[in-house]
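> This is structure_9.cif, which holds mmCIF, C-alpha atoms:
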data_final
loop_
_atom_site.label_atom_id
_atom_site.label_comp_id
_atom_site.auth_asym_id
_atom_site.auth_seq_id
_atom_site.Cartn_x
_atom_site.Cartn_y
_atom_site.Cartn_z
CA MET I 19 15.41 27.95 28.17
CA GLN I 20 14.81 24.60 26.45
CA PRO I 21 11.72 22.88 27.93
CA ASP I 22 12.20 19.45 29.43
CA LEU I 23 10.52 17.60 26.61
CA ILE I 24 11.45 14.20 27.97
CA GLY I 25 9.89 14.89 31.36
CA ARG I 26 6.83 16.25 29.62
CA LEU I 27 6.39 13.09 27.56
CA ILE I 28 6.79 10.89 30.62
CA LYS I 29 4.31 12.99 32.60
CA HIS I 30 1.69 12.66 29.86
CA TRP I 31 2.38 8.98 29.10
CA PRO I 32 -1.07 7.43 28.42
CA ASP I 33 -2.34 4.94 30.97
CA GLU I 34 -3.33 2.67 28.07
CA LEU I 35 0.38 2.26 27.26
CA SER I 36 1.57 1.51 30.76
CA GLY I 37 1.83 -2.21 30.07
CA GLN I 38 3.17 -1.92 26.52
CA CYS I 39 6.82 -2.70 25.91
CA ALA I 40 7.38 -2.84 22.13
CA PHE I 41 7.23 0.51 20.29
CA GLU I 42 7.99 1.18 16.62
CA VAL I 43 8.57 4.72 15.34
CA GLY I 44 7.44 5.75 11.87
CA LEU I 45 10.73 7.30 10.71
CA SER I 46 10.72 9.42 7.56
CA GLY I 47 14.09 10.98 8.35
CA GLY I 48 12.53 14.44 8.63
CA LEU I 49 12.86 16.74 11.61
CA ASP I 50 9.74 15.56 13.43
CA SER I 51 10.38 11.83 13.30
CA VAL I 52 14.07 12.29 14.13
CA ALA I 53 13.03 14.23 17.23
CA LEU I 54 10.52 11.55 18.25
CA LEU I 55 13.02 8.72 17.84
CA SER I 56 15.64 10.56 19.86
CA LEU I 57 13.19 11.43 22.64
CA LEU I 58 12.02 7.83 22.96
CA CYS I 59 15.65 6.67 23.02
CA ARG I 60 16.25 9.03 25.96
CA ILE I 61 13.16 7.66 27.71
CA ARG I 62 14.45 4.13 27.05
CA GLU I 63 17.43 4.98 29.24
CA GLN I 64 14.99 5.49 32.13
CA ARG I 65 12.69 2.61 31.18
CA PRO I 66 14.88 -0.33 30.13
CA GLN I 67 11.82 -2.51 29.56
CA LEU I 68 10.86 -0.31 26.59
CA ARG I 69 11.81 -2.10 23.36
CA LEU I 70 12.25 0.38 20.53
CA SER I 71 12.44 -0.09 16.76
CA ALA I 72 11.78 2.05 13.69
CA VAL I 73 10.27 1.65 10.23
CA HIS I 74 11.03 3.75 7.16
CA VAL I 75 8.52 3.60 4.29
CA HIS I 76 10.31 4.02 0.95
CA HIS I 77 7.73 5.43 -1.49
CA GLY I 78 10.18 5.87 -4.34
CA LEU I 79 8.57 9.18 -5.32
CA SER I 80 11.62 11.40 -4.90
CA PRO I 81 15.04 11.07 -6.55
CA ASN I 82 16.36 11.45 -3.00
CA ALA I 83 14.36 8.52 -1.60
CA ASP I 84 17.35 6.17 -1.39
CA ALA I 85 19.39 8.84 0.39
CA TRP I 86 16.59 9.31 2.94
CA ALA I 87 16.53 5.59 3.65
CA GLU I 88 20.31 5.60 4.10
CA HIS I 89 20.08 8.56 6.48
CA CYS I 90 17.58 6.59 8.57
CA ARG I 91 19.93 3.60 8.63
CA ARG I 92 22.83 5.73 9.88
CA LEU I 93 20.65 7.42 12.51
CA CYS I 94 19.27 4.14 13.83
CA GLY I 95 22.75 2.65 13.86
CA ALA I 96 24.00 5.54 15.98
CA LEU I 97 21.02 5.29 18.36
CA GLN I 98 21.14 1.47 18.48
CA VAL I 99 17.59 1.08 17.20
CA PRO I 100 16.62 -1.77 14.84
CA LEU I 101 15.26 -0.43 11.55
CA ARG I 102 13.17 -2.01 8.82
CA VAL I 103 12.90 -0.31 5.43
CA GLU I 104 9.72 -1.14 3.55
CA ARG I 105 9.41 -0.30 -0.15
CA VAL I 106 5.89 0.34 -1.42
CA ALA I 107 4.54 0.66 -4.96
CA LEU I 108 1.88 3.33 -5.31
CA GLN I 109 -0.96 2.73 -7.75
CA LEU I 110 -3.28 5.62 -8.52
CA ALA I 111 -6.79 5.03 -9.79
CA GLY I 112 -8.87 7.73 -11.42
CA GLY I 113 -9.47 10.64 -9.07
CA ASP I 114 -7.03 9.41 -6.42
CA SER I 115 -4.75 11.94 -4.76
CA LEU I 116 -1.08 11.03 -4.56
CA GLU I 117 -0.99 12.21 -0.93
CA ALA I 118 -3.90 9.96 0.03
CA VAL I 119 -2.50 6.90 -1.75
CA ALA I 120 0.95 7.39 -0.19
CA ARG I 121 -0.61 7.82 3.24
CA GLU I 122 -2.63 4.62 2.91
CA ALA I 123 0.51 2.76 1.81
CA ARG I 124 2.33 3.96 4.94
CA TYR I 125 -0.49 2.95 7.23
CA ALA I 126 -0.68 -0.48 5.58
CA VAL I 127 2.99 -0.90 6.54
CA TYR I 128 2.30 0.31 10.09
CA ARG I 129 -0.54 -2.17 10.48
CA GLU I 130 1.91 -4.99 9.75
CA SER I 131 4.23 -3.91 12.57
CA ALA I 132 5.34 -6.56 15.03
CA ALA I 133 5.29 -3.93 17.79
CA GLU I 134 2.38 -3.29 20.12
CA VAL I 135 2.49 0.47 19.56
CA VAL I 136 3.36 2.45 16.42
CA ALA I 137 4.44 6.00 17.31
CA LEU I 138 4.11 8.83 14.78
CA ALA I 139 5.61 12.30 15.03
CA HIS I 140 2.64 14.56 14.29
CA HIS I 141 2.89 17.72 16.39
CA LEU I 142 0.81 20.77 17.34
CA ASP I 143 1.43 22.58 14.04
CA ASP I 144 0.28 19.48 12.13
CA GLN I 145 -2.88 19.33 14.24
CA ALA I 146 -3.72 22.98 13.57
CA GLU I 147 -3.16 22.50 9.84
CA THR I 148 -5.38 19.41 9.83
CA VAL I 149 -8.25 21.25 11.54
CA LEU I 150 -8.11 24.06 8.99
CA LEU I 151 -7.84 21.65 6.06
CA GLN I 152 -10.89 19.72 7.23
CA LEU I 153 -12.79 22.95 7.77
CA LEU I 154 -11.95 24.09 4.23
CA ARG I 155 -13.20 20.73 2.92
CA GLY I 156 -16.51 21.20 4.72
CA GLY I 157 -15.87 18.40 7.22
CA GLY I 158 -18.20 17.54 10.08
CA VAL I 159 -17.37 17.07 13.74
CA ARG I 160 -15.49 13.80 13.18
CA ALA I 161 -13.25 15.41 10.58
CA LEU I 162 -12.73 18.55 12.67
CA ALA I 163 -11.69 16.42 15.63
CA ALA I 164 -8.52 15.94 13.53
CA MET I 165 -5.88 13.52 14.84
CA PRO I 166 -6.38 11.66 18.12
CA ALA I 167 -3.36 11.13 20.32
CA LEU I 168 -4.15 7.44 20.70
CA ARG I 169 -6.32 5.11 18.66
CA PRO I 170 -6.52 1.46 17.59
CA LEU I 171 -4.42 0.68 14.54
CA ALA I 172 -5.04 -3.04 14.01
CA ASP I 173 -5.83 -6.08 16.12
CA GLY I 174 -3.67 -5.82 19.22
CA LYS I 175 -1.90 -2.67 18.00
CA LEU I 176 -2.24 1.00 18.93
CA LEU I 177 -1.23 4.14 17.08
CA TRP I 178 0.23 6.85 19.32
CA ARG I 179 1.04 10.48 18.55
CA PRO I 180 2.98 11.66 21.61
CA LEU I 181 4.06 15.04 20.17
CA LEU I 182 0.64 16.65 19.58
CA GLY I 183 1.22 19.05 22.47
CA LEU I 184 4.56 20.30 21.10
CA THR I 185 5.26 22.81 18.34
CA ARG I 186 7.61 22.25 15.45
CA LEU I 187 9.83 25.01 16.79
CA GLN I 188 10.23 23.19 20.10
CA LEU I 189 11.20 20.01 18.24
CA GLU I 190 13.69 21.85 16.05
CA GLN I 191 15.32 23.43 19.09
CA TYR I 192 15.60 20.00 20.73
CA VAL I 193 17.11 18.34 17.64
CA ARG I 194 19.65 21.10 17.17
CA ARG I 195 20.69 20.88 20.83
CA GLN I 196 21.20 17.13 20.36
CA GLY I 197 23.37 17.72 17.28
CA LEU I 198 21.14 15.56 15.11
CA SER I 199 20.58 16.04 11.38
CA TRP I 200 17.47 15.46 9.32
CA VAL I 201 16.36 15.35 5.68
CA GLU I 202 14.04 17.77 3.90
CA ASP I 203 11.38 16.54 1.48
CA GLU I 204 11.47 18.90 -1.50
CA SER I 205 7.73 18.34 -2.09
CA ASN I 206 7.06 20.29 1.13
CA GLN I 207 7.90 23.46 -0.83
CA ASP I 208 5.16 22.86 -3.41
CA THR I 209 2.23 25.15 -2.55
CA ARG I 210 -0.03 23.35 -5.01
CA TYR I 211 -0.65 21.06 -2.06
CA ARG I 212 -3.12 22.68 0.33
CA ARG I 213 -1.20 21.79 3.46
CA ASN I 214 1.93 23.43 2.10
CA LEU I 215 -0.09 26.49 1.08
CA LEU I 216 -1.34 26.84 4.65
CA ARG I 217 2.05 26.13 6.18
CA ARG I 218 4.12 28.47 4.03
CA ASP I 219 1.78 31.31 3.04
CA ILE I 220 -1.25 31.57 5.30
CA LEU I 221 -0.43 30.39 8.81
CA PRO I 222 2.64 32.66 9.20
CA ARG I 223 0.31 35.62 8.63
CA ILE I 224 -2.19 34.29 11.16
CA ALA I 225 0.65 33.77 13.66
CA GLN I 226 1.50 37.47 13.45
CA GLY I 227 -1.91 38.48 14.75
CA ILE I 228 -2.85 35.37 16.76
CA PRO I 229 0.34 33.80 18.14
CA ASP I 230 -1.58 31.11 20.05
CA TYR I 231 -3.67 29.98 17.06
CA ARG I 232 -2.21 26.46 17.30
CA GLN I 233 -3.47 25.98 20.85
CA HIS I 234 -6.85 27.48 19.97
CA LEU I 235 -7.32 25.12 17.02
CA ALA I 236 -6.16 22.13 19.07
CA ARG I 237 -8.74 23.02 21.74
CA ALA I 238 -11.42 23.29 19.05
CA ALA I 239 -10.39 19.83 17.79
CA ALA I 240 -10.73 18.41 21.31
CA LEU I 241 -14.22 19.89 21.65
CA GLN I 242 -15.20 18.43 18.27
CA ALA I 243 -13.88 15.06 19.39
CA ASP I 244 -16.19 15.20 22.41
CA ALA I 245 -19.14 16.08 20.18
CA ALA I 246 -18.25 13.27 17.77
CA ALA I 247 -18.10 10.80 20.66
CA ILE I 248 -21.58 11.81 21.84
CA LEU I 249 -22.96 11.49 18.29
CA GLN I 250 -21.41 8.04 18.04
CA GLU I 251 -22.92 6.93 21.35
CA VAL I 252 -26.41 8.01 20.25
CA ALA I 253 -25.95 6.45 16.80
CA LEU I 254 -24.92 3.09 18.28
CA VAL I 255 -27.98 3.06 20.55
CA ASP I 256 -30.18 3.82 17.54
CA LEU I 257 -28.38 1.19 15.48
CA GLN I 258 -29.05 -1.51 18.04
CA ALA I 259 -32.72 -0.50 18.31
CA CYS I 260 -33.21 -0.60 14.52
CA ARG I 261 -31.23 -3.74 13.71
CA VAL I 262 -33.06 -6.74 12.20
CA ALA I 263 -31.81 -9.90 10.54
CA ALA I 264 -32.02 -8.43 7.02
CA GLY I 265 -30.34 -5.13 7.95
CA LEU I 266 -32.21 -2.22 9.51
CA ASP I 267 -35.92 -1.79 10.22
CA PHE I 268 -36.71 1.18 7.98
CA LEU I 269 -39.89 2.12 9.81
CA ALA I 270 -37.86 2.43 13.02
CA VAL I 271 -35.19 4.44 11.19
CA ALA I 272 -37.82 6.76 9.66
CA ALA I 273 -39.27 7.47 13.12
CA LEU I 274 -35.99 9.20 14.11
CA SER I 275 -35.17 12.83 13.41
CA ALA I 276 -33.36 13.50 10.13
CA PRO I 277 -29.96 14.16 11.82
CA ARG I 278 -30.24 10.92 13.82
CA GLN I 279 -31.13 9.01 10.65
CA ARG I 280 -27.96 10.28 8.98
CA GLN I 281 -25.78 9.51 11.99
CA LEU I 282 -27.32 6.05 12.28
CA LEU I 283 -26.53 5.20 8.66
CA LEU I 284 -22.99 6.56 8.99
CA ALA I 285 -22.46 4.38 12.07
CA TRP I 286 -23.84 1.37 10.19
CA LEU I 287 -21.55 1.95 7.22
CA GLN I 288 -18.60 2.39 9.56
CA GLU I 289 -19.47 -0.95 11.17
CA LEU I 290 -19.49 -2.55 7.72
CA GLY I 291 -16.09 -1.05 6.96
CA TRP I 292 -17.52 1.01 4.08
CA ALA I 293 -16.48 4.56 3.27
CA ALA I 294 -18.99 7.27 4.14
CA PRO I 295 -20.94 8.73 1.19
CA GLU I 296 -21.03 12.39 0.34
CA PRO I 297 -23.51 14.15 2.68
CA GLY I 298 -25.72 15.20 -0.23
CA ALA I 299 -25.90 11.64 -1.58
CA LEU I 300 -26.82 10.24 1.84
CA GLN I 301 -29.51 12.87 2.35
CA GLU I 302 -30.99 12.25 -1.10
CA PHE I 303 -31.08 8.47 -0.52
CA LEU I 304 -32.96 8.92 2.75
CA ARG I 305 -35.41 11.28 1.03
CA GLN I 306 -36.07 8.77 -1.73
CA ALA I 307 -36.37 5.91 0.76
CA GLN I 308 -39.09 7.76 2.65
CA GLN I 309 -41.01 9.02 -0.36
CA ALA I 310 -40.72 6.05 -2.73
CA ALA I 311 -43.65 3.73 -3.36
CA ALA I 312 -43.61 0.38 -1.60
CA ALA I 313 -42.84 -1.49 -4.83
CA SER I 314 -39.77 0.60 -5.67
CA CYS I 315 -36.25 -0.01 -4.40
CA PRO I 316 -34.15 3.16 -3.94
CA GLN I 317 -30.41 2.49 -3.90
CA LEU I 318 -27.29 4.29 -2.75
CA ALA I 319 -24.27 3.13 -4.76
CA LEU I 320 -20.97 3.17 -2.87
CA PRO I 321 -17.49 1.92 -3.79
CA SER I 322 -17.92 -1.13 -1.55
CA GLY I 323 -21.50 -2.02 -2.50
CA HIS I 324 -25.11 -0.87 -2.43
CA VAL I 325 -27.41 0.29 0.35
CA LEU I 326 -31.05 -0.10 -0.58
CA ARG I 327 -34.54 0.06 0.82
CA PHE I 328 -36.53 -3.05 0.04
CA ALA I 329 -40.00 -3.45 1.55
CA ASP I 330 -39.56 -2.24 5.14
CA THR I 331 -35.81 -2.86 5.53
CA LEU I 332 -32.57 -1.13 4.70
CA GLN I 333 -30.12 -3.67 3.32
CA ALA I 334 -26.43 -3.51 2.43
CA TRP I 335 -25.02 -5.79 -0.25
CA PRO I 336 -21.33 -5.84 -1.17
CA LYS I 337 -20.29 -5.17 -4.73
CA VAL I 338 -19.50 -8.13 -6.99
CA GLN I 339 -17.76 -8.02 -10.35
CA LEU I 340 -19.73 -10.41 -12.55
CA ASP I 341 -19.30 -10.80 -16.27
CA GLN I 342 -21.49 -12.85 -18.59
CA ALA I 343 -19.21 -15.91 -18.56
CA SER I 344 -20.48 -19.05 -16.92
CA GLU I 345 -18.39 -21.07 -14.47
CA VAL I 346 -17.90 -24.83 -14.34
CA LEU I 347 -18.36 -26.13 -10.79
CA PRO I 348 -16.45 -28.80 -8.90
CA ASP I 349 -18.54 -31.44 -7.15
CA CYS I 350 -19.10 -30.34 -3.54
CA ARG I 351 -22.11 -32.54 -2.67
CA GLY I 352 -21.93 -33.75 0.89
CA GLY I 353 -18.97 -31.51 1.66
CA PRO I 354 -18.45 -27.98 2.93
CA ALA I 355 -19.97 -25.03 1.12
CA LEU I 356 -18.20 -23.90 -2.04
CA VAL I 357 -17.23 -20.24 -1.66
CA LEU I 358 -17.51 -18.33 -4.93
CA PRO I 359 -16.28 -14.73 -4.40
CA ARG I 360 -16.84 -13.76 -8.04
CA TRP I 361 -20.52 -14.59 -7.64
CA GLY I 362 -20.81 -13.00 -4.20
CA GLY I 363 -21.86 -16.02 -2.17
CA GLU I 364 -21.46 -19.72 -1.46
CA LEU I 365 -23.07 -22.88 -2.83
CA SER I 366 -23.95 -25.87 -0.66
CA TRP I 367 -26.10 -28.99 -1.05
CA GLU I 368 -28.85 -30.62 1.01
CA TRP I 369 -30.27 -34.11 0.61
CA ARG I 370 -34.07 -34.00 0.44
CA GLU I 371 -37.06 -36.21 -0.24
CA HIS I 372 -37.36 -34.59 -3.66
CA GLY I 373 -34.21 -33.34 -5.34
CA LEU I 374 -31.78 -33.68 -8.23
CA PRO I 375 -30.38 -37.20 -8.73
CA ASP I 376 -26.71 -38.09 -8.37
CA ASP I 377 -26.22 -39.26 -11.96
CA LEU I 378 -27.53 -35.96 -13.37
CA LEU I 379 -25.23 -33.91 -11.17
CA ALA I 380 -22.22 -36.13 -11.71
CA ALA I 381 -22.33 -35.38 -15.44
CA GLY I 382 -21.20 -31.81 -14.75
CA LEU I 383 -22.60 -28.47 -13.60
CA ARG I 384 -22.07 -24.81 -14.30
CA LEU I 385 -23.35 -21.49 -13.02
CA GLY I 386 -24.62 -18.79 -15.33
CA LEU I 387 -26.25 -15.39 -15.13
CA ARG I 388 -29.73 -14.52 -16.32
CA GLN I 389 -29.89 -13.45 -19.93
CA GLY I 390 -33.65 -12.99 -20.02
CA GLY I 391 -36.49 -15.33 -20.91
CA GLU I 392 -35.24 -18.35 -18.90
CA LYS I 393 -37.83 -20.85 -17.68
CA LEU I 394 -37.68 -23.67 -15.14
CA SER I 395 -39.85 -26.80 -15.34
CA ALA I 396 -42.59 -26.72 -12.70
CA ARG I 397 -45.39 -29.01 -11.53
CA THR I 398 -47.57 -27.55 -14.23
CA GLY I 399 -45.65 -26.38 -17.26
CA ARG I 400 -42.68 -24.03 -16.99
CA ARG I 401 -42.22 -20.96 -14.82
CA GLU I 402 -40.46 -17.73 -15.72
CA VAL I 403 -37.26 -17.40 -13.73
CA LYS I 404 -37.91 -13.69 -13.18
CA ASP I 405 -41.24 -14.56 -11.53
CA LEU I 406 -39.65 -17.16 -9.24
CA LEU I 407 -37.00 -14.67 -8.11
CA ARG I 408 -39.58 -11.99 -7.43
CA GLU I 409 -41.84 -14.40 -5.52
CA ALA I 410 -38.83 -15.45 -3.42
CA GLY I 411 -38.81 -11.92 -1.98
CA LEU I 412 -35.44 -10.88 -3.37
CA PRO I 413 -34.59 -7.24 -3.97
CA PRO I 414 -33.96 -6.33 -7.63
CA LEU I 415 -30.19 -6.10 -7.04
CA LEU I 416 -30.03 -9.77 -6.03
CA ARG I 417 -32.39 -10.88 -8.77
CA GLN I 418 -29.96 -9.47 -11.32
CA ARG I 419 -27.00 -11.43 -9.97
CA TRP I 420 -28.62 -14.60 -8.62
CA PRO I 421 -26.84 -17.60 -10.19
CA LEU I 422 -28.63 -20.16 -12.32
CA LEU I 423 -27.52 -23.81 -12.19
CA TYR I 424 -27.20 -25.65 -15.50
CA GLY I 425 -26.47 -29.29 -16.32
CA ALA I 426 -23.85 -30.61 -18.70
CA ASP I 427 -26.37 -30.57 -21.56
CA GLY I 428 -27.26 -26.91 -20.97
CA GLN I 429 -30.59 -27.59 -19.28
CA LEU I 430 -31.59 -25.22 -16.46
CA LEU I 431 -31.70 -27.44 -13.36
CA ALA I 432 -32.24 -25.01 -10.49
CA LEU I 433 -32.34 -21.57 -8.99
CA PRO I 434 -30.14 -22.44 -6.00
CA GLY I 435 -31.96 -21.85 -2.73
CA ILE I 436 -35.27 -21.17 -4.50
CA ALA I 437 -36.40 -23.98 -6.80
CA VAL I 438 -35.24 -27.07 -8.70
CA ALA I 439 -36.53 -28.38 -12.00
CA PHE I 440 -39.64 -30.43 -11.30
CA ALA I 441 -38.88 -32.73 -14.25
CA HIS I 442 -35.69 -33.92 -12.54
CA SER I 443 -36.76 -34.07 -8.89
CA ALA I 444 -39.37 -36.84 -8.68
CA GLY I 445 -37.41 -38.82 -6.09
CA PRO I 446 -34.83 -38.30 -3.31
CA GLY I 447 -31.94 -36.10 -4.33
CA TRP I 448 -29.90 -32.97 -3.84
CA TRP I 449 -31.10 -29.40 -3.40
CA PRO I 450 -28.57 -26.65 -4.15
CA GLN I 451 -28.54 -23.82 -1.60
CA TRP I 452 -27.23 -20.35 -2.43
CA THR I 453 -26.19 -18.01 0.41
CA PRO I 454 -25.28 -14.52 -0.84
CA ALA I 455 -22.50 -12.78 1.04
CA ARG I 456 -24.20 -10.18 3.21
CA SER I 457 -22.71 -7.04 4.68
CA GLY I 458 -23.68 -6.32 8.27
CA ARG I 459 -24.64 -8.37 11.31
CA SER I 460 -27.80 -10.04 12.43
CA ARG I 461 -29.33 -9.38 15.80
#
Would you mind giving the structure from this file in structure tokens?

Amino acid sequence: MQPDLIGRLIKHWPDELSGQCAFEVGLSGGLDSVALLSLLCRIREQRPQLRLSAVHVHHGLSPNADAWAEHCRRLCGALQVPLRVERVALQLAGGDSLEAVAREARYAVYRESAAEVVALAHHLDDQAETVLLQLLRGGGVRALAAMPALRPLADGKLLWRPLLGLTRLQLEQYVRRQGLSWVEDESNQDTRYRRNLLRRDILPRIAQGIPDYRQHLARAAALQADAAAILQEVALVDLQACRVAAGLDFLAVAALSAPRQRQLLLAWLQELGWAAPEPGALQEFLRQAQQAAAASCPQLALPSGHVLRFADTLQAWPKVQLDQASEVLPDCRGGPALVLPRWGGELSWEWREHGLPDDLLAAGLRLGLRQGGEKLSARTGRREVKDLLREAGLPPLLRQRWPLLYGADGQLLALPGIAVAFAHSAGPGWWPQWTPARSGRSR
């Protein structure tokens, strides 16, 4: 007998969604999303306040993509559900997986939804496959927790997976009873993709000997989610205890056990919005940070920037893409700071008792990078720029990309935020201030 799927969804409706009215379904046109849209339409009959819409992401990867979009239009027309079709262009960089890039493109569309809740049709079979895939990739507890039923998606938006307790067979039986049709993505037959290999070749064999494997793996995922939540709670306590203005107090970090050190850094990187490093790379960085001499500066290079130990702090600096070209500056004296993303910071000006005169600055300014051998006029003679940067207490990474301020005639006028040319600052004038863009928060 067909289970009452509608009553089941209503019974397990999350409390967090009790006040939400606008729901948008991610509609691929496949069996799962067709089932979800139909079920929510049936629930809408009992809850008239529920406003329902759908979104179809057109990747353009299949010759059938236009037909899938048209199928979604017909289905939504029949169910009286507004539909938006969003076309995305996928751009693969070196090493990117097509699946991952397509997934990120879909989620970027979901994050732009006008609805309060985006509902996706992942089900119990999907959850079991995800657990096994993460296990085969060597994932930790967060990865093995697989897909949560409810999580934040963007500011003011939630992502909801209401079908995680239902099998694909249950959904197929429901859709057939409703007389609904769906589309089949031909790429689902390609066993070069690991998920398809599991789905078509391996899991049917497991099902023969362990019919309830889906439920077992879902329970394992729930237990891993609990463990991940506890790890996160401990890591956030450690993060708060180790936080200082420059980043993290390394001596406090080093006093923790090795597992807590790793969890702390992962929580910090997550807070910054940076991707987690490979476990081996993280472990090696922590080893170097603890064993390196005080004068050295171990670094962990990540796609978003660099984590480094400098003196007794761990610091995180975002990546900047600087070339050797200089940049002519507009006049921003007396106004708001000039944000310069290419240089990784912002330039502002302060009026001081000794500074650069107006007429010198009005002639024109430019920023340039160190080439080596630069000197700045000082009270006695000229000082090496590299020495001034080191004495300012900057880590090597910032010394390499700290901007130098030149006048119209090519003279070096200042290291913004550090020193100005003594030869040009005998009287009242302007001091340039340089504030590098920092990742992370201060206490």
> Given the choices I:Leu79, I:Leu216, I:Ala245, I:Ala123, which gets closest to I:Leu154 if the distance is worked out from all atoms listed in the file?
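Result for the nearest residue to I:Leu154: I:Leu216.
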> Pick out the closest residue to I:Leu332 from this set: I:Pro277, I:Cys260, I:Ala311, I:Thr398. Count all atoms listed in the file.
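The closest residue to I:Leu332 is I:Cys260.
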> Could you check the closest approach to I:His141 for each of I:Leu54, I:Leu374, I:Ala40, I:Leu347 and tell me which residue wins, using all atoms listed in the file?
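With all atoms listed in the file as the atom set, the closest residue is I:Leu54.
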> Which of these, I:Gln233, I:Thr453, I:Gln38, I:Asn206, has the shortest distance to I:Trp361 once you count all atoms listed in the file?
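Of I:Gln233, I:Thr453, I:Gln38, I:Asn206, the one nearest I:Trp361, counting all atoms listed in the file, is I:Thr453.
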> Could you list, as a PyMOL selection string, every residue matched by the PyMOL selection byres ((chain I and resi 439) around 12) in this structure?
chain I and resi 372-375+378+393-403+406+422-425+429-434+436-438+440-444+447-450
> Could you work out how far atom CA of I:Leu184 lies from atom CA of I:Asp143, giving the answer in Å with one decimal?
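Separating atom CA of I:Asp143 from atom CA of I:Leu184 is a distance of 8.1 Å.
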> Would you please work out which residue, of I:Leu269, I:Leu287, I:Leu274, I:Val255, is nearest to I:Phe328 when using all atoms listed in the file?
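Closest to I:Phe328, using all atoms listed in the file: I:Leu269.
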> Could you list, as a ChimeraX atom specification, every residue matched by the PyMOL selection byres ((chain I and resi 61-66) around 10) in this structure?
/I:24-25,27-28,39,55-60,67-70
> Using all atoms listed in the file for the distances, tell me which of I:Gly183, I:Gly197, I:Pro414, I:Pro100 is nearest to I:Arg327.
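Distance minimum relative to I:Arg327 lands on I:Pro414.
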> For I:Glu147, list every protein, DNA or RNA residue within 10 Å, evaluated using all atoms listed in the file, and leave out those in the same chain fewer than 4 positions away; present the list as an mmCIF file with C-alpha atoms, in the frame of the given file.

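The resulting selection-v9.cif:
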data_model
loop_
_atom_site.group_PDB
_atom_site.id
_atom_site.type_symbol
_atom_site.label_atom_id
_atom_site.label_comp_id
_atom_site.auth_asym_id
_atom_site.auth_seq_id
_atom_site.Cartn_x
_atom_site.Cartn_y
_atom_site.Cartn_z
ATOM 1 C CA LEU I 142 0.810 20.770 17.340
ATOM 2 C CA ASP I 143 1.430 22.580 14.040
ATOM 3 C CA LEU I 151 -7.840 21.650 6.060
ATOM 4 C CA GLN I 152 -10.890 19.720 7.230
ATOM 5 C CA LEU I 153 -12.790 22.950 7.770
ATOM 6 C CA ALA I 164 -8.520 15.940 13.530
ATOM 7 C CA ARG I 212 -3.120 22.680 0.330
ATOM 8 C CA ARG I 213 -1.200 21.790 3.460
ATOM 9 C CA ASN I 214 1.930 23.430 2.100
ATOM 10 C CA LEU I 216 -1.340 26.840 4.650
ATOM 11 C CA ARG I 217 2.050 26.130 6.180
ATOM 12 C CA LEU I 221 -0.430 30.390 8.810
ATOM 13 C CA ARG I 232 -2.210 26.460 17.300
ATOM 14 C CA LEU I 235 -7.320 25.120 17.020
ATOM 15 C CA ALA I 236 -6.160 22.130 19.070
#
> Decode the PyMOL selection byres ((chain I and resi 364-366) around 12) for the given file into explicit residues and return them as a JSON list (two decimals) with C-alpha atoms, in the frame of the given file.

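Okay, this is what ended up in selection.json:
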[["chain", "number", "residue", "atom", "x", "y", "z"],
["I", 347, "LEU", "CA", -18.36, -26.13, -10.79],
["I", 348, "PRO", "CA", -16.45, -28.80, -8.90],
["I", 349, "ASP", "CA", -18.54, -31.44, -7.15],
["I", 350, "CYS", "CA", -19.10, -30.34, -3.54],
["I", 351, "ARG", "CA", -22.11, -32.54, -2.67],
["I", 352, "GLY", "CA", -21.93, -33.75, 0.89],
["I", 353, "GLY", "CA", -18.97, -31.51, 1.66],
["I", 354, "PRO", "CA", -18.45, -27.98, 2.93],
["I", 355, "ALA", "CA", -19.97, -25.03, 1.12],
["I", 356, "LEU", "CA", -18.20, -23.90, -2.04],
["I", 357, "VAL", "CA", -17.23, -20.24, -1.66],
["I", 358, "LEU", "CA", -17.51, -18.33, -4.93],
["I", 359, "PRO", "CA", -16.28, -14.73, -4.40],
["I", 360, "ARG", "CA", -16.84, -13.76, -8.04],
["I", 361, "TRP", "CA", -20.52, -14.59, -7.64],
["I", 362, "GLY", "CA", -20.81, -13.00, -4.20],
["I", 363, "GLY", "CA", -21.86, -16.02, -2.17],
["I", 367, "TRP", "CA", -26.10, -28.99, -1.05],
["I", 368, "GLU", "CA", -28.85, -30.62, 1.01],
["I", 369, "TRP", "CA", -30.27, -34.11, 0.61],
["I", 384, "ARG", "CA", -22.07, -24.81, -14.30],
["I", 385, "LEU", "CA", -23.35, -21.49, -13.02],
["I", 420, "TRP", "CA", -28.62, -14.60, -8.62],
["I", 421, "PRO", "CA", -26.84, -17.60, -10.19],
["I", 422, "LEU", "CA", -28.63, -20.16, -12.32],
["I", 423, "LEU", "CA", -27.52, -23.81, -12.19],
["I", 433, "LEU", "CA", -32.34, -21.57, -8.99],
["I", 434, "PRO", "CA", -30.14, -22.44, -6.00],
["I", 435, "GLY", "CA", -31.96, -21.85, -2.73],
["I", 448, "TRP", "CA", -29.90, -32.97, -3.84],
["I", 449, "TRP", "CA", -31.10, -29.40, -3.40],
["I", 450, "PRO", "CA", -28.57, -26.65, -4.15],
["I", 451, "GLN", "CA", -28.54, -23.82, -1.60],
["I", 452, "TRP", "CA", -27.23, -20.35, -2.43],
["I", 453, "THR", "CA", -26.19, -18.01, 0.41],
["I", 454, "PRO", "CA", -25.28, -14.52, -0.84],
["I", 455, "ALA", "CA", -22.50, -12.78, 1.04],
["I", 456, "ARG", "CA", -24.20, -10.18, 3.21]]
